[in-house]
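Everything below belongs to work_0.txt, which stores compact mmCIF, C-alpha atoms and all ligand atoms.
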```txt
# COMPACT_ATOMS: atom_id res chain seq x y z
CA SER J 18 -86.25 28.40 42.30
CA LYS J 19 -83.18 30.24 43.62
CA LYS J 20 -81.23 32.81 41.64
CA PRO J 21 -77.86 31.46 40.42
CA VAL J 22 -74.74 32.50 42.33
CA ARG J 23 -71.39 33.13 40.68
CA VAL J 24 -68.50 30.88 41.65
CA ALA J 25 -65.04 31.81 40.38
CA VAL J 26 -62.38 29.10 40.30
CA THR J 27 -58.77 29.80 39.32
CA GLY J 28 -56.39 27.13 38.05
CA ALA J 29 -59.53 25.52 36.69
CA ALA J 30 -57.70 23.23 34.24
CA GLY J 31 -55.36 21.87 36.91
CA GLN J 32 -55.73 18.61 38.79
CA ILE J 33 -57.55 20.05 41.80
CA GLY J 34 -59.81 21.95 39.40
CA TYR J 35 -60.68 18.69 37.71
CA ALA J 36 -61.70 17.15 41.03
CA LEU J 37 -63.55 20.28 42.16
CA LEU J 38 -65.67 21.72 39.36
CA PHE J 39 -67.95 18.73 38.90
CA ARG J 40 -68.79 18.65 42.58
CA ILE J 41 -69.57 22.37 42.69
CA ALA J 42 -71.77 22.00 39.61
CA SER J 43 -73.62 19.03 41.12
CA GLY J 44 -74.59 21.05 44.20
CA GLU J 45 -72.30 19.47 46.76
CA MET J 46 -70.81 22.80 47.80
CA LEU J 47 -73.74 25.19 48.00
CA GLY J 48 -76.72 22.87 48.18
CA LYS J 49 -78.82 20.77 45.85
CA ASP J 50 -81.22 23.69 45.30
CA GLN J 51 -78.63 26.36 44.45
CA PRO J 52 -77.90 27.00 40.75
CA VAL J 53 -74.35 28.14 40.00
CA ILE J 54 -72.53 29.98 37.24
CA LEU J 55 -68.89 28.88 37.01
CA GLN J 56 -66.38 31.60 36.10
CA LEU J 57 -63.17 29.78 35.31
CA LEU J 58 -59.76 31.41 35.21
CA GLU J 59 -56.70 29.89 33.63
CA ILE J 60 -53.48 31.49 32.46
CA PRO J 61 -53.94 33.05 28.99
CA ASP J 62 -51.49 30.50 27.53
CA GLU J 63 -53.04 28.66 24.57
CA LYS J 64 -52.43 25.20 25.96
CA ALA J 65 -54.05 26.00 29.32
CA GLN J 66 -57.07 27.63 27.66
CA LYS J 67 -57.50 24.61 25.39
CA ALA J 68 -57.34 22.23 28.35
CA LEU J 69 -59.94 24.42 30.07
CA LYS J 70 -62.22 24.10 27.03
CA GLY J 71 -61.93 20.32 27.35
CA VAL J 72 -62.98 20.42 31.00
CA ILE J 73 -65.96 22.59 30.04
CA MET J 74 -66.97 20.08 27.35
CA GLU J 75 -67.11 17.44 30.07
CA LEU J 76 -69.09 19.75 32.37
CA GLU J 77 -71.60 20.18 29.54
CA ASP J 78 -71.77 16.43 29.06
CA CYS J 79 -72.74 15.96 32.68
CA ALA J 80 -75.97 17.89 32.01
CA PHE J 81 -76.00 19.17 35.59
CA PRO J 82 -79.41 20.74 36.24
CA LEU J 83 -77.83 23.27 38.65
CA LEU J 84 -75.20 24.51 36.22
CA ALA J 85 -76.65 27.77 34.91
CA GLY J 86 -73.60 28.90 32.92
CA VAL J 87 -69.86 28.58 32.42
CA ILE J 88 -67.52 31.46 31.61
CA PRO J 89 -63.94 30.52 30.66
CA THR J 90 -61.38 33.32 30.71
CA GLY J 91 -57.75 34.32 31.00
CA ASP J 92 -58.65 37.63 32.64
CA PRO J 93 -59.15 37.95 36.42
CA LEU J 94 -61.51 40.93 35.88
CA VAL J 95 -63.85 38.65 33.94
CA ALA J 96 -63.46 35.68 36.29
CA PHE J 97 -64.21 37.69 39.44
CA LYS J 98 -66.98 39.91 38.01
CA ASP J 99 -69.80 39.88 40.60
CA ALA J 100 -68.39 36.67 42.08
CA ASP J 101 -70.12 35.49 45.24
CA TYR J 102 -67.49 32.82 45.88
CA ALA J 103 -63.89 32.68 44.70
CA LEU J 104 -61.72 29.58 45.02
CA LEU J 105 -58.14 30.59 44.28
CA VAL J 106 -56.54 27.28 43.38
CA GLY J 107 -54.08 28.26 40.65
CA ALA J 108 -50.62 29.16 41.86
CA ARG J 109 -47.04 28.99 40.74
CA PRO J 110 -45.52 25.65 41.76
CA ARG J 111 -41.91 25.43 42.82
CA GLY J 112 -39.85 24.62 39.74
CA PRO J 113 -36.43 22.96 39.67
CA GLY J 114 -33.76 25.17 41.17
CA MET J 115 -36.33 27.72 42.33
CA GLU J 116 -35.47 29.33 45.65
CA ARG J 117 -38.11 29.90 48.28
CA ALA J 118 -37.83 33.66 47.77
CA ASP J 119 -38.50 33.24 44.02
CA LEU J 120 -41.55 31.14 44.80
CA LEU J 121 -42.88 33.75 47.21
CA ALA J 122 -42.26 36.52 44.69
CA ALA J 123 -43.94 34.68 41.79
CA ASN J 124 -47.00 34.02 43.92
CA ALA J 125 -47.02 37.52 45.36
CA GLN J 126 -47.40 38.79 41.81
CA ILE J 127 -50.33 36.45 41.08
CA PHE J 128 -52.18 37.13 44.32
CA THR J 129 -51.62 40.88 44.24
CA ALA J 130 -53.20 41.00 40.78
CA GLN J 131 -56.05 38.72 41.80
CA GLY J 132 -56.67 40.63 45.04
CA LYS J 133 -56.88 43.88 43.08
CA ALA J 134 -59.28 42.33 40.58
CA LEU J 135 -61.51 41.01 43.38
CA ASP J 136 -61.44 44.45 44.97
CA LYS J 137 -62.58 46.02 41.73
CA VAL J 138 -65.29 43.70 40.45
CA ALA J 139 -66.38 40.99 42.91
CA SER J 140 -69.51 41.07 45.05
CA ARG J 141 -68.85 43.01 48.26
CA ASN J 142 -69.77 39.82 50.13
CA VAL J 143 -67.48 37.56 48.12
CA LYS J 144 -66.22 34.60 50.11
CA VAL J 145 -62.63 33.89 49.11
CA LEU J 146 -60.82 30.61 49.76
CA VAL J 147 -57.14 30.37 48.86
CA VAL J 148 -55.94 26.84 48.13
CA GLY J 149 -52.83 27.62 46.03
CA ASN J 150 -49.62 27.43 48.04
CA PRO J 151 -48.25 29.04 50.12
CA ALA J 152 -51.98 29.29 50.90
CA ASN J 153 -51.96 31.40 54.08
CA THR J 154 -49.52 33.95 52.71
CA ASN J 155 -51.26 34.06 49.34
CA ALA J 156 -54.53 34.79 51.17
CA TYR J 157 -52.77 37.52 53.14
CA ILE J 158 -51.46 39.09 49.92
CA ALA J 159 -54.89 38.97 48.25
CA MET J 160 -56.52 40.49 51.35
CA LYS J 161 -53.94 43.30 51.51
CA SER J 162 -54.48 43.96 47.79
CA ALA J 163 -58.24 44.34 48.23
CA PRO J 164 -58.64 47.17 50.74
CA SER J 165 -62.28 47.89 49.87
CA LEU J 166 -63.41 44.36 50.73
CA PRO J 167 -63.91 43.26 54.34
CA ARG J 168 -60.82 41.45 55.70
CA LYS J 169 -62.97 38.63 56.98
CA ASN J 170 -63.85 37.64 53.41
CA PHE J 171 -60.36 36.20 52.90
CA THR J 172 -59.58 32.69 54.09
CA ALA J 173 -56.99 29.98 53.48
CA MET J 174 -57.48 26.24 53.34
CA LEU J 175 -56.48 24.32 56.48
CA ARG J 176 -59.36 21.90 56.06
CA LEU J 177 -57.30 19.23 54.35
CA ASP J 178 -55.00 19.17 57.38
CA HIS J 179 -58.07 19.04 59.63
CA ASN J 180 -59.56 16.13 57.70
CA ARG J 181 -56.23 14.30 57.64
CA ALA J 182 -55.95 14.69 61.41
CA ALA J 183 -59.51 13.44 61.94
CA SER J 184 -58.81 10.39 59.83
CA GLN J 185 -55.63 9.53 61.78
CA ILE J 186 -57.47 9.90 65.10
CA ALA J 187 -60.35 7.70 63.93
CA ALA J 188 -57.88 5.00 62.91
CA LYS J 189 -55.95 5.25 66.19
CA THR J 190 -59.06 5.09 68.39
CA GLY J 191 -61.06 2.66 66.25
CA THR J 192 -63.92 5.13 65.93
CA ALA J 193 -65.92 6.60 63.05
CA VAL J 194 -64.36 9.71 61.58
CA GLY J 195 -67.75 11.44 61.40
CA ASP J 196 -68.14 11.19 65.18
CA ILE J 197 -65.02 13.25 65.94
CA GLU J 198 -65.76 16.76 67.14
CA LYS J 199 -63.83 19.74 68.47
CA LEU J 200 -60.66 19.04 66.59
CA THR J 201 -58.60 21.90 65.25
CA VAL J 202 -55.42 22.72 63.36
CA TRP J 203 -53.56 25.88 64.32
CA GLY J 204 -51.37 27.91 62.03
CA ASN J 205 -49.88 27.56 58.59
CA HIS J 206 -50.84 25.04 55.92
CA SER J 207 -47.39 23.49 56.00
CA PRO J 208 -45.63 20.76 57.97
CA THR J 209 -45.42 23.22 60.91
CA MET J 210 -49.22 23.21 61.37
CA TYR J 211 -50.33 22.08 64.84
CA ALA J 212 -53.17 19.56 64.79
CA ASP J 213 -54.62 19.73 68.29
CA TYR J 214 -56.94 17.03 69.67
CA ARG J 215 -56.82 18.14 73.32
CA PHE J 216 -60.44 19.32 73.18
CA ALA J 217 -61.66 16.69 70.74
CA THR J 218 -64.38 14.21 71.58
CA VAL J 219 -65.65 11.07 69.92
CA GLY J 220 -69.05 9.77 70.93
CA GLY J 221 -68.86 12.20 73.86
CA LYS J 222 -65.55 10.78 75.15
CA SER J 223 -62.29 12.72 75.31
CA VAL J 224 -59.95 11.79 72.45
CA LYS J 225 -56.95 12.79 74.57
CA ASP J 226 -58.01 10.37 77.33
CA LEU J 227 -58.72 7.60 74.82
CA ILE J 228 -55.29 7.94 73.24
CA ASN J 229 -53.44 8.93 76.42
CA ASP J 230 -50.06 8.86 74.71
CA GLN J 231 -48.15 12.13 74.38
CA VAL J 232 -45.26 10.33 72.66
CA TRP J 233 -47.65 9.15 69.90
CA ASN J 234 -48.96 12.71 69.62
CA ALA J 235 -45.55 14.32 69.24
CA GLU J 236 -43.69 11.60 67.38
CA VAL J 237 -46.28 9.83 65.25
CA PHE J 238 -49.48 11.84 64.87
CA LEU J 239 -48.10 15.33 64.22
CA PRO J 240 -45.37 14.21 61.78
CA THR J 241 -47.84 11.96 59.94
CA VAL J 242 -50.35 14.76 59.44
CA GLY J 243 -47.63 17.32 58.72
CA LYS J 244 -45.92 15.17 56.09
CA ARG J 245 -49.06 13.67 54.58
CA GLY J 246 -48.83 15.82 51.45
CA ALA J 247 -45.30 14.56 50.79
CA ALA J 248 -46.39 10.95 51.45
CA ILE J 249 -49.15 11.28 48.83
CA ILE J 250 -46.67 12.65 46.28
CA GLU J 251 -44.30 9.78 47.05
CA ALA J 252 -47.05 7.18 46.59
CA ARG J 253 -49.05 8.66 43.73
CA GLY J 254 -46.39 10.55 41.84
CA LEU J 255 -48.72 13.55 41.96
CA SER J 256 -49.83 15.86 44.75
CA SER J 257 -53.15 15.49 46.57
CA ALA J 258 -55.98 16.53 44.31
CA ALA J 259 -59.26 14.77 45.11
CA SER J 260 -58.74 15.17 48.86
CA ALA J 261 -57.76 18.81 48.39
CA ALA J 262 -60.85 19.46 46.27
CA ASN J 263 -62.95 17.67 48.88
CA ALA J 264 -61.53 19.88 51.63
CA ALA J 265 -62.28 23.00 49.57
CA ILE J 266 -65.88 21.82 49.19
CA ASP J 267 -66.11 21.18 52.95
CA HIS J 268 -64.65 24.61 53.76
CA MET J 269 -66.98 26.55 51.46
CA ARG J 270 -70.07 24.46 52.26
CA ASP J 271 -69.64 24.96 55.99
CA TRP J 272 -68.96 28.69 55.54
CA ALA J 273 -71.99 29.18 53.30
CA LEU J 274 -74.47 26.78 54.88
CA GLY J 275 -73.27 26.50 58.51
CA SER J 276 -71.52 23.84 60.57
CA ASN J 277 -74.46 23.22 62.93
CA GLY J 278 -72.41 24.04 65.99
CA LYS J 279 -69.51 21.79 64.99
CA TRP J 280 -65.96 23.11 65.10
CA VAL J 281 -64.20 23.30 61.77
CA THR J 282 -60.75 24.68 60.92
CA MET J 283 -60.36 27.70 58.69
CA GLY J 284 -57.37 29.91 57.97
CA ILE J 285 -58.72 33.37 58.83
CA PRO J 286 -57.23 36.82 59.43
CA SER J 287 -56.46 37.14 63.12
CA ASP J 288 -57.89 39.96 65.18
CA GLY J 289 -55.22 39.36 67.80
CA GLN J 290 -56.75 36.38 69.58
CA TYR J 291 -54.46 33.75 71.09
CA GLY J 292 -51.56 36.17 70.69
CA ILE J 293 -51.60 35.90 66.90
CA PRO J 294 -50.88 39.38 65.46
CA LYS J 295 -53.68 41.09 63.57
CA ASP J 296 -54.01 40.16 59.88
CA VAL J 297 -51.90 36.99 60.02
CA ILE J 298 -53.95 34.34 58.20
CA PHE J 299 -53.89 31.56 60.77
CA GLY J 300 -55.62 28.22 61.15
CA PHE J 301 -58.14 28.52 64.00
CA PRO J 302 -61.12 26.57 65.31
CA VAL J 303 -64.34 28.23 64.17
CA THR J 304 -68.04 27.54 64.09
CA THR J 305 -70.10 28.81 61.18
CA GLU J 306 -73.65 30.11 60.95
CA ASN J 307 -75.64 32.32 58.57
CA GLY J 308 -72.70 32.72 56.21
CA GLU J 309 -70.29 33.89 58.90
CA TYR J 310 -67.52 32.16 60.81
CA LYS J 311 -66.93 32.72 64.49
CA LEU J 312 -63.64 32.01 66.23
CA VAL J 313 -63.81 29.62 69.18
CA GLU J 314 -62.27 31.74 71.93
CA GLY J 315 -60.91 31.15 75.40
CA LEU J 316 -59.28 27.75 74.87
CA GLU J 317 -56.44 26.98 77.21
CA ILE J 318 -53.04 26.81 75.54
CA ASP J 319 -50.58 24.59 77.43
CA LYS J 320 -46.79 24.74 77.13
CA PHE J 321 -46.48 22.10 74.39
CA SER J 322 -49.23 23.75 72.35
CA GLN J 323 -47.74 27.22 72.81
CA GLU J 324 -44.39 26.01 71.47
CA ARG J 325 -46.09 24.53 68.41
CA ILE J 326 -48.17 27.65 67.81
CA ASP J 327 -45.09 29.87 68.17
CA LYS J 328 -43.23 27.77 65.61
CA THR J 329 -45.94 27.85 62.94
CA LEU J 330 -46.53 31.57 63.60
CA LYS J 331 -42.83 32.30 63.16
CA GLU J 332 -42.89 30.57 59.78
CA LEU J 333 -45.88 32.65 58.69
CA GLN J 334 -44.27 35.87 59.86
CA ASP J 335 -41.11 34.99 57.92
CA GLU J 336 -43.22 34.43 54.80
CA GLN J 337 -44.98 37.76 55.36
CA ALA J 338 -41.66 39.51 55.80
CA GLY J 339 -40.48 37.89 52.57
CA VAL J 340 -43.26 39.55 50.58
CA ALA J 341 -43.58 42.83 52.52
CA HIS J 342 -41.57 44.79 49.93
CA LEU J 343 -43.86 43.54 47.15
CA LEU J 344 -47.15 44.76 48.64
P1 LIG Y 401 -51.85 22.00 38.92
O1 LIG Y 401 -50.50 22.43 38.53
O2 LIG Y 401 -52.40 20.71 38.45
O3 LIG Y 401 -52.90 23.13 38.48
C1 LIG Y 401 -52.71 24.48 38.74
C2 LIG Y 401 -53.36 25.23 37.59
O4 LIG Y 401 -53.31 26.61 37.93
C3 LIG Y 401 -52.64 25.06 36.26
O5 LIG Y 401 -53.57 24.63 35.28
C4 LIG Y 401 -52.09 26.45 35.97
O6 LIG Y 401 -52.12 26.77 34.59
C5 LIG Y 401 -53.06 27.33 36.75
N1 LIG Y 401 -52.54 28.64 37.11
C6 LIG Y 401 -51.28 28.98 37.47
N2 LIG Y 401 -51.19 30.29 37.68
C7 LIG Y 401 -52.41 30.80 37.46
C8 LIG Y 401 -52.94 32.11 37.50
N3 LIG Y 401 -52.16 33.15 37.80
N4 LIG Y 401 -54.24 32.27 37.23
C9 LIG Y 401 -55.01 31.24 36.90
N5 LIG Y 401 -54.58 29.98 36.83
C10 LIG Y 401 -53.29 29.76 37.11
O7 LIG Y 401 -51.87 22.09 40.52
P2 LIG Y 401 -52.95 21.46 41.54
O8 LIG Y 401 -52.51 20.10 41.91
O9 LIG Y 401 -54.30 21.67 41.00
O10 LIG Y 401 -52.68 22.37 42.82
C11 LIG Y 401 -53.03 23.74 42.83
C12 LIG Y 401 -52.45 24.42 44.07
O11 LIG Y 401 -53.00 23.87 45.26
C13 LIG Y 401 -50.94 24.29 44.22
O12 LIG Y 401 -50.42 25.56 44.57
C14 LIG Y 401 -50.80 23.35 45.38
O13 LIG Y 401 -49.58 23.53 46.05
C15 LIG Y 401 -51.97 23.71 46.22
N6 LIG Y 401 -52.42 22.75 47.24
C16 LIG Y 401 -52.90 23.25 48.40
C17 LIG Y 401 -53.41 22.45 49.40
C18 LIG Y 401 -53.96 23.03 50.67
O14 LIG Y 401 -54.33 22.26 51.55
N7 LIG Y 401 -54.05 24.36 50.86
C19 LIG Y 401 -53.40 20.98 49.25
C20 LIG Y 401 -53.29 20.51 47.85
C21 LIG Y 401 -52.39 21.32 46.96
O15 LIG Y 401 -51.07 20.86 47.12
```
Would you write out, as structure tokens, the structure that this file holds?
Amino acid sequence: SKKPVRVAVTGAAGQIGYALLFRIASGEMLGKDQPVILQLLEIPDEKAQKALKGVIMELEDCAFPLLAGVIPTGDPLVAFKDADYALLVGARPRGPGMERADLLAANAQIFTAQGKALDKVASRNVKVLVVGNPANTNAYIAMKSAPSLPRKNFTAMLRLDHNRAASQIAAKTGTAVGDIEKLTVWGNHSPTMYADYRFATVGGKSVKDLINDQVWNAEVFLPTVGKRGAAIIEARGLSSAASAANAAIDHMRDWALGSNGKWVTMGIPSDGQYGIPKDVIFGFPVTTENGEYKLVEGLEIDKFSQERIDKTLKELQDEQAGVAHLL
């Protein structure tokens, strides 16, 4: 049987953690033949560590055959030790009266420390997914704080936006969501993201031709996908958790095991393609194979799309500028 791999998860006692850990331990992320050791980070605070213990008791009670060990900790150097995968879910949420700059600064501190810890102790091939918001900028900070690790190891989660877009398109066209291909979401994980179905197909047919309604695209589809997180909070009284955990599983599974030629969306450090400056962590269409992602290049960007891409890029560059003095 295979040697266990080490999967670090931060914010492990939070609501996404609770929807995520059991699926990783059951083999849904890395395969039903891949044993895992979970290395779970929570803030050192007594209450958080106690809640984490409770989650671990439940993990034990699942008797997952693939779960080869669980390490709870309040120390990033322990959590990331030899980690093959790191899912950075824990982040500082915006509190009452907190300004955007305060939020950026609080998270810059967390992701600088975690980036440094990854740099020091993680596997040199560690695959990092940042879920905690602002996800793209947090991934950028972690990447910049880990200079001895390859830049390409750092990614941010745009997959929830991708999956939300796919679901809206399936509903609009009366098709099965699993049949939709070549969809992508450009940019920041925020309401400025640009979900782009111009290249998408369903059952071999063009989604754009099937919908054939630019007003729906601009005035219904994009706002619905962009504001979906807020709509979930409004309905549930809590932010998306199961769907976020599901997207994290999708992102890591495809990265590790391959997408079989299918396009998926990942937030990855730009190398300058599509006019996105180097190092900006941007949502792009990629395919994945043999543990590597590959950007889908050469897509035509029309005027409408360019405006959307410029807008989401500007927001990301403003966020980057807001943390530049902290790096
Ligand atoms: P919760 O508040 O339920 O859980 C977060 C957990 O992280 C808490 O238990 C907290 O103690 C812990 N934590 C905070 N700072 C930490 C640190 N420095 N080290 C280790 N643990 C730390 O939030 P949850 O609903 O689980 O959401 C987690 C993050 O995901 C939030 O930042 C949220 O905004 C973000 N999201 C990102 C999404 C995406 O698509 N990229 C979608 C869903 C979600 O909103």
Straight-line distance linking CA of Leu146 in chain J with CA of Thr172 in chain J, stated in Å to one decimal: 5.0 Å
Within 6 Å of Ala103 in chain J using all atoms listed in the file, minus same-chain residues under 5 positions, as a list in words: Val24, Ala25, Val26 and Val145 of chain J
Coordinates-based distance that separates CA of Ala108 in chain J from atom O12 of ligand LIG 401 (chain Y) (Å, one decimal): 4.5 Å
Residue contacts of range 305-318 of chain J (10 Å, only C-alpha atoms) excluding same-chain residues fewer than 4 positions away, as a PyMOL selection string: chain J and resi 142+144+169-170+199+215-216+269-283+285+287-288+290-291+301+322-324+326
Contacts of ligand LIG 401 (chain Y), 6 Å or closer, only C-alpha atoms and all ligand atoms, given as number ranges by chain: J: 27-28, 30-34, 58-60, 65, 106-110, 127, 148-150, 152, 174-175, 177, 256-258, 261
Two-atom distance - CA of Ser140 in chain J, CA of Leu57 in chain J (Å):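 Value for the CA of Ser140 in chain J-CA of Leu57 in chain J distance: 16.2 Å.
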Close residues, range 39-52 of chain J itself excluded, 9 Å, only C-alpha atoms, min 4 positions apart in chain, as a PyMOL selection string: chain J and resi 18-24+34-35+75-76+79+81-85+262-263+265-271+273-274
Given all atoms listed in the file as the counted atoms, nearest of J:Phe128, J:Tyr102, J:Tyr157, J:Phe299 to Gln337 in chain J: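 Closest candidate: J:Tyr157.
Near (-45.5, 36.4, 59.2), the residues that fall inside 10 Å on the basis of all atoms listed in the file are Asn153, Thr154, Tyr157, Asn205, Ile293, Pro294, Asp296, Val297, Ile298, Phe299, Thr329, Leu330, Lys331, Glu332, Leu333, Gln334, Asp335, Glu336, Gln337, Ala338, Gly339, Val340 and Ala341 of chain J.
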Non-local contacts of Pro164 in chain J (12 Å; all atoms listed in the file; under 2 positions in same chain excluded) as a count of residues only: 21
Residue with smallest distance to Pro93 in chain J - pool J:Ala80, J:Val224, J:Ala125, J:Ala139, counting only C-alpha atoms: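 Of J:Ala80, J:Val224, J:Ala125, J:Ala139, the one nearest Pro93 in chain J is J:Ala139, counting only C-alpha atoms.
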Residue among J:Ala122, J:Ile54, J:Ala96, J:Val87 lying closest to Leu343 in chain J, counting only C-alpha atoms: J:Ala122
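Of the listed residues J:Thr201, J:Gln131, J:Asn234, J:Asn124, the one whose atoms come nearest to Lys189 in chain J is J:Asn234, with distances taken using all atoms listed in the file.
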Contact check, range 208-323 of chain J to range 182-188 of chain J, at most 12 Å, counting all atoms listed in the file, closest pairs as CSV:
```
residue,atom,partner,partner_atom,distance
J:Met210,CA,J:Ala182,CA,10.9
J:Tyr211,CA,J:Ala182,CA,9.9
J:Ala212,CA,J:Ala182,CA,6.5
J:Asp213,CA,J:Ala182,CA,8.6
J:Tyr214,CA,J:Ile186,CA,8.5
J:Arg215,CA,J:Ile186,CA,11.7
J:Ala217,CA,J:Ala183,CA,9.6
J:Thr218,CA,J:Ile186,CA,10.4
J:Val219,CA,J:Ala187,CA,8.7
J:Gly220,CA,J:Ala187,CA,11.4
J:Ser223,CA,J:Ile186,CA,11.6
J:Val224,CA,J:Ile186,CA,8.0
J:Lys225,CA,J:Ile186,CA,9.9
J:Leu227,CA,J:Ile186,CA,10.1
J:Ile228,CA,J:Ile186,CA,8.7
J:Trp233,CA,J:Ile186,CA,11.0
J:Asn234,CA,J:Ile186,CA,10.0
J:Val237,CA,J:Gln185,CA,10.0
J:Phe238,CA,J:Gln185,CA,7.3
J:Leu239,CA,J:Ala182,CA,8.4
J:Pro240,CA,J:Ala182,CA,10.6
J:Thr241,CA,J:Gln185,CA,8.4
J:Val242,CA,J:Ala182,CA,5.9
J:Gly243,CA,J:Ala182,CA,9.1
J:Lys244,CA,J:Ala182,CA,11.4
J:Arg245,CA,J:Ala182,CA,9.8
J:Ser260,CA,J:Ser184,CA,12.0
J:Val281,CA,J:Ala183,CA,10.9
J:Thr282,CA,J:Ala182,CA,11.1
```
